[in-house]
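Structure, as structure tokens:
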Amino acid sequence: MKLLMIFSIKVHIMKSTMEFFLKQGWEVTPVSIYDVIKHLDPDNLQKEYSMFFDYIFTQHKFDAAFCYNRPDEILMAKCNQYNVRLLLEENYGHLPEKQHAIVPYGIDFFTHYGNSKQETIPLESSRVTITIPLEYKLIYHSPYNNMKSSLYTIGFTPMIAHWGEESEISSALAFVKFISDIIKEYDLTSQCDFYFRPHPKFMTEYKWTLAWLEKQKNEHVFIDNRTSNKALLKSDIVLSLRSTFGFEAQQYGAETITYKKIAHYSNPQLTHSPMNREELVVTLQKLISSLLTNGRQKKCFFDDYVSELGTKFHAICENRRPPTPEELYHNMDAIVYGCSVPLQKEW
């Protein structure tokens with residue numbers, strides 16, 4: 001197995017993993033994103049970062065690129081360009097407990113699990129409930145930060161931007177105002193109730209955003225204080241940048257909308273990934289109409305997929321200690337299995 005191993009965090013886990021893989025006869029090429037950035041021109045960062053992966057992929061033929069945590073858009077594009085399978089190790093939520101898994105980006109669910117009939121779940125009322133998670137990434141970054149030498153300038157900007165200008169790095173308040181403008185412009189409250197859901201671990205960090213929402217006094221727009229289980233159960237649509245809340249809600253048949261393809265579960269067979277504001281509006285309108293007519297449609301393969309996240313795709317959990325040999329063998333098996341499942345054609 002020839003593996004390109006890419007990481008930016010949890011260096012101690014990656015080091016132990018790489019050393020173990022090498023002992024088992026794998027060929028591993030490690031790439032530390034932060035070390036790469038140190039050697040690039042800050043004024044020409046994206047171009048040089050892209051050229052770096054051009055060099056890597058033309059010099060070596062890899063079976064897969066293994067990325068701990070979310071990849072950036074440039075890496076995803078280069079893997080697609082050079083036909084290198086991209087494997088992500090990510091937290092996939094609580095279904096029913098925290099899952100950590102290695103999954104190929106772009107898996108063809110219908111080919112892998114079969115295309116059986118979807119399960120219909122009727123709506124509980126004549127209105128559509130839309131939950132909008134506010135992610136913690138929106139707290140720490142603003143247009144006033146000097147991002148020139150940051151990793152976020154390269155590929156993670158879309159995670160903390162909204163469907164506005166590509167170059168815009170948004171705050172939580174800007175994101176909420178952006179969605180609120182769409183709600184008002186297209187009179188979506190005539191058919192929908194909206195719940196803006198702050199990240200439960202960072203509630204106090206959203207005080208200005210929540211204060212702005214309260215001043216709007218819209219009877220169909222709420223600050224979401226529901227428990228996680230109730231919010232998941234009641235959500236018909238989850239609209240987010242890349243929150244795992246959207247993935248979790250699909251166990252109840254919710255539709256999910258994520259920013260482009262940057263969420264670790266982005267997949268056209270699983271989610272909707274509009275590329276700009278116009279596409280976002282069209283996507284919302286179509287989903288609202290479909291839900292009111294047909295109810296929720298739980299994906300036929302979803303339960304099988306979740307089962308494999310905890311078994312064949314299962315990876316070592318995040319921890320402070322080095323992984324055990326048993327955990328590392330399991331990681332190897334998960335990577336091999338991830339390289340065997342069918343992928344969709346380019347999308």
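Chain labels run A, B, ... following the order of the structure tokens; each chain numbers its residues from 1, and ligands are numbered from 1 in the order shown.
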* **For segment 273-283 of chain A: contacts at 8 Å, only C-alpha atoms, fewer than 5 positions along chain excluded, given as number ranges by chain** => A: 163-164, 182, 257-261, 266-268
Dump of C-alpha atoms for the selected residues, as a PDB file, in the first residue's frame:
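Printed below is selection_15.pdb as written:
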ATOM      1  CA  TRP A 163     -22.663  31.500   0.063  1.00  0.00           C
ATOM      2  CA  GLY A 164     -21.676  35.092  -0.642  1.00  0.00           C
ATOM      3  CA  ILE A 182     -32.948  34.955   2.141  1.00  0.00           C
ATOM      4  CA  ILE A 257     -27.632  21.331   2.807  1.00  0.00           C
ATOM      5  CA  THR A 258     -23.914  21.999   3.193  1.00  0.00           C
ATOM      6  CA  TYR A 259     -21.546  24.594   1.789  1.00  0.00           C
ATOM      7  CA  LYS A 260     -20.225  23.235  -1.505  1.00  0.00           C
ATOM      8  CA  LYS A 261     -18.578  19.840  -0.993  1.00  0.00           C
ATOM      9  CA  SER A 266     -20.644  15.857   1.389  1.00  0.00           C
ATOM     10  CA  ASN A 267     -21.937  13.519  -1.265  1.00  0.00           C
ATOM     11  CA  PRO A 268     -24.663  14.110  -3.887  1.00  0.00           C
TER      12      PRO A 268
END
* **Spatial neighbours of Gln250 of chain A, 10 Å, only C-alpha atoms, chain gap at least 5 places, as a count of residues only** => 17
* To do: Apply DSSP to the structure's backbone, then extract all residues of segment 185-314 of chain A labelled strand (DSSP E or B) and return them as number ranges by chain.
  => A: 192-198, 221-223, 237-239, 255-257, 272, 296-298, 314
* Asked: Neighbours of Tyr305 of chain A within 9 Å (only C-alpha atoms; same-chain residues fewer than 5 positions away dropped), as a list in words?
  ->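 After dropping sequence-adjacent residues, the list is Phe109, Tyr113 and Gly310 of chain A.
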* Can you list, as a VMD selection string, all residues belonging to segment 53-247 of chain A that DSSP tags as helix (DSSP H, G or I)? => chain A and resid 53 to 59 73 to 81 109 to 113 137 to 140 151 to 160 172 to 185 188 to 190 200 to 216 228 to 234 244 to 247
* Asked: Could you pull the residues within 12 Å of Glu48 of chain A, counting only C-alpha atoms, minus those fewer than 6 positions along the same chain, as a PyMOL selection string?
  -> chain A and resi 36-42+54-55+74+154
For N, CA, C and O atoms, I'd like the residues from the last selection saved as a PDB file, in the first residue's frame.
ATOM      1  N   VAL A  36       4.539  22.610   5.424  1.00  0.00           N
ATOM      2  CA  VAL A  36       4.514  23.018   4.021  1.00  0.00           C
ATOM      3  C   VAL A  36       4.307  24.521   3.914  1.00  0.00           C
ATOM      4  O   VAL A  36       5.012  25.222   3.181  1.00  0.00           O
ATOM      5  N   ILE A  37       3.352  25.032   4.668  1.00  0.00           N
ATOM      6  CA  ILE A  37       3.018  26.454   4.590  1.00  0.00           C
ATOM      7  C   ILE A  37       4.195  27.344   4.947  1.00  0.00           C
ATOM      8  O   ILE A  37       4.391  28.415   4.368  1.00  0.00           O
ATOM      9  N   LYS A  38       5.019  26.896   5.889  1.00  0.00           N
ATOM     10  CA  LYS A  38       6.167  27.693   6.316  1.00  0.00           C
ATOM     11  C   LYS A  38       7.122  28.001   5.164  1.00  0.00           C
ATOM     12  O   LYS A  38       7.865  28.983   5.211  1.00  0.00           O
ATOM     13  N   HIS A  39       7.126  27.143   4.157  1.00  0.00           N
ATOM     14  CA  HIS A  39       8.067  27.299   3.060  1.00  0.00           C
ATOM     15  C   HIS A  39       7.445  27.936   1.817  1.00  0.00           C
ATOM     16  O   HIS A  39       8.073  27.987   0.764  1.00  0.00           O
ATOM     17  N   LEU A  40       6.215  28.411   1.946  1.00  0.00           N
ATOM     18  CA  LEU A  40       5.541  29.011   0.801  1.00  0.00           C
ATOM     19  C   LEU A  40       5.506  30.531   0.930  1.00  0.00           C
ATOM     20  O   LEU A  40       5.578  31.085   2.022  1.00  0.00           O
ATOM     21  N   ASP A  41       5.389  31.188  -0.211  1.00  0.00           N
ATOM     22  CA  ASP A  41       5.305  32.643  -0.259  1.00  0.00           C
ATOM     23  C   ASP A  41       3.925  33.082   0.225  1.00  0.00           C
ATOM     24  O   ASP A  41       2.917  32.727  -0.402  1.00  0.00           O
ATOM     25  N   PRO A  42       3.834  33.840   1.312  1.00  0.00           N
ATOM     26  CA  PRO A  42       2.522  34.248   1.835  1.00  0.00           C
ATOM     27  C   PRO A  42       1.678  35.019   0.831  1.00  0.00           C
ATOM     28  O   PRO A  42       0.451  35.001   0.899  1.00  0.00           O
ATOM     29  N   ASP A  54       0.846  19.284  -7.061  1.00  0.00           N
ATOM     30  CA  ASP A  54       1.171  18.862  -8.429  1.00  0.00           C
ATOM     31  C   ASP A  54       2.484  18.085  -8.430  1.00  0.00           C
ATOM     32  O   ASP A  54       2.606  17.034  -9.069  1.00  0.00           O
ATOM     33  N   TYR A  55       3.468  18.621  -7.718  1.00  0.00           N
ATOM     34  CA  TYR A  55       4.778  17.961  -7.654  1.00  0.00           C
ATOM     35  C   TYR A  55       4.668  16.597  -6.975  1.00  0.00           C
ATOM     36  O   TYR A  55       5.192  15.595  -7.479  1.00  0.00           O
ATOM     37  N   ILE A  74      -8.276  22.537  -2.260  1.00  0.00           N
ATOM     38  CA  ILE A  74      -7.184  22.308  -3.213  1.00  0.00           C
ATOM     39  C   ILE A  74      -6.767  20.851  -3.192  1.00  0.00           C
ATOM     40  O   ILE A  74      -6.577  20.220  -4.240  1.00  0.00           O
ATOM     41  N   ILE A 154      -5.754  29.101   2.628  1.00  0.00           N
ATOM     42  CA  ILE A 154      -5.571  28.171   1.521  1.00  0.00           C
ATOM     43  C   ILE A 154      -6.860  27.472   1.152  1.00  0.00           C
ATOM     44  O   ILE A 154      -7.386  27.617   0.066  1.00  0.00           O
TER      45      ILE A 154
END
* Of the listed residues A:Phe21, A:Leu87, A:Leu3, A:Val11, that which approaches Tyr329 of chain A most closely, counting only C-alpha atoms ->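 Among the listed residues, the smallest separation from Tyr329 of chain A belongs to A:Phe21.
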* Residue contacts of Leu343 of chain A (12 Å, only C-alpha atoms) excluding same-chain residues fewer than 2 positions away, as a list in words -> Asn80, Asn83, Val84, Arg85, Leu86, Leu87, Val103, Pro104, Tyr105, Gly106, Ile107, Asp108, Phe109, Phe110, Thr111, His112, Asn267, Pro268, Gln269, Gly338, Cys339, Ser340, Val341, Lys345, Glu346 and Trp347 of chain A
* Structure fact -> Min atom-atom distance to Gly246 of chain A from the set A:Arg127, A:Lys207, A:His94, A:His314, counting only C-alpha atoms, belongs to A:His94
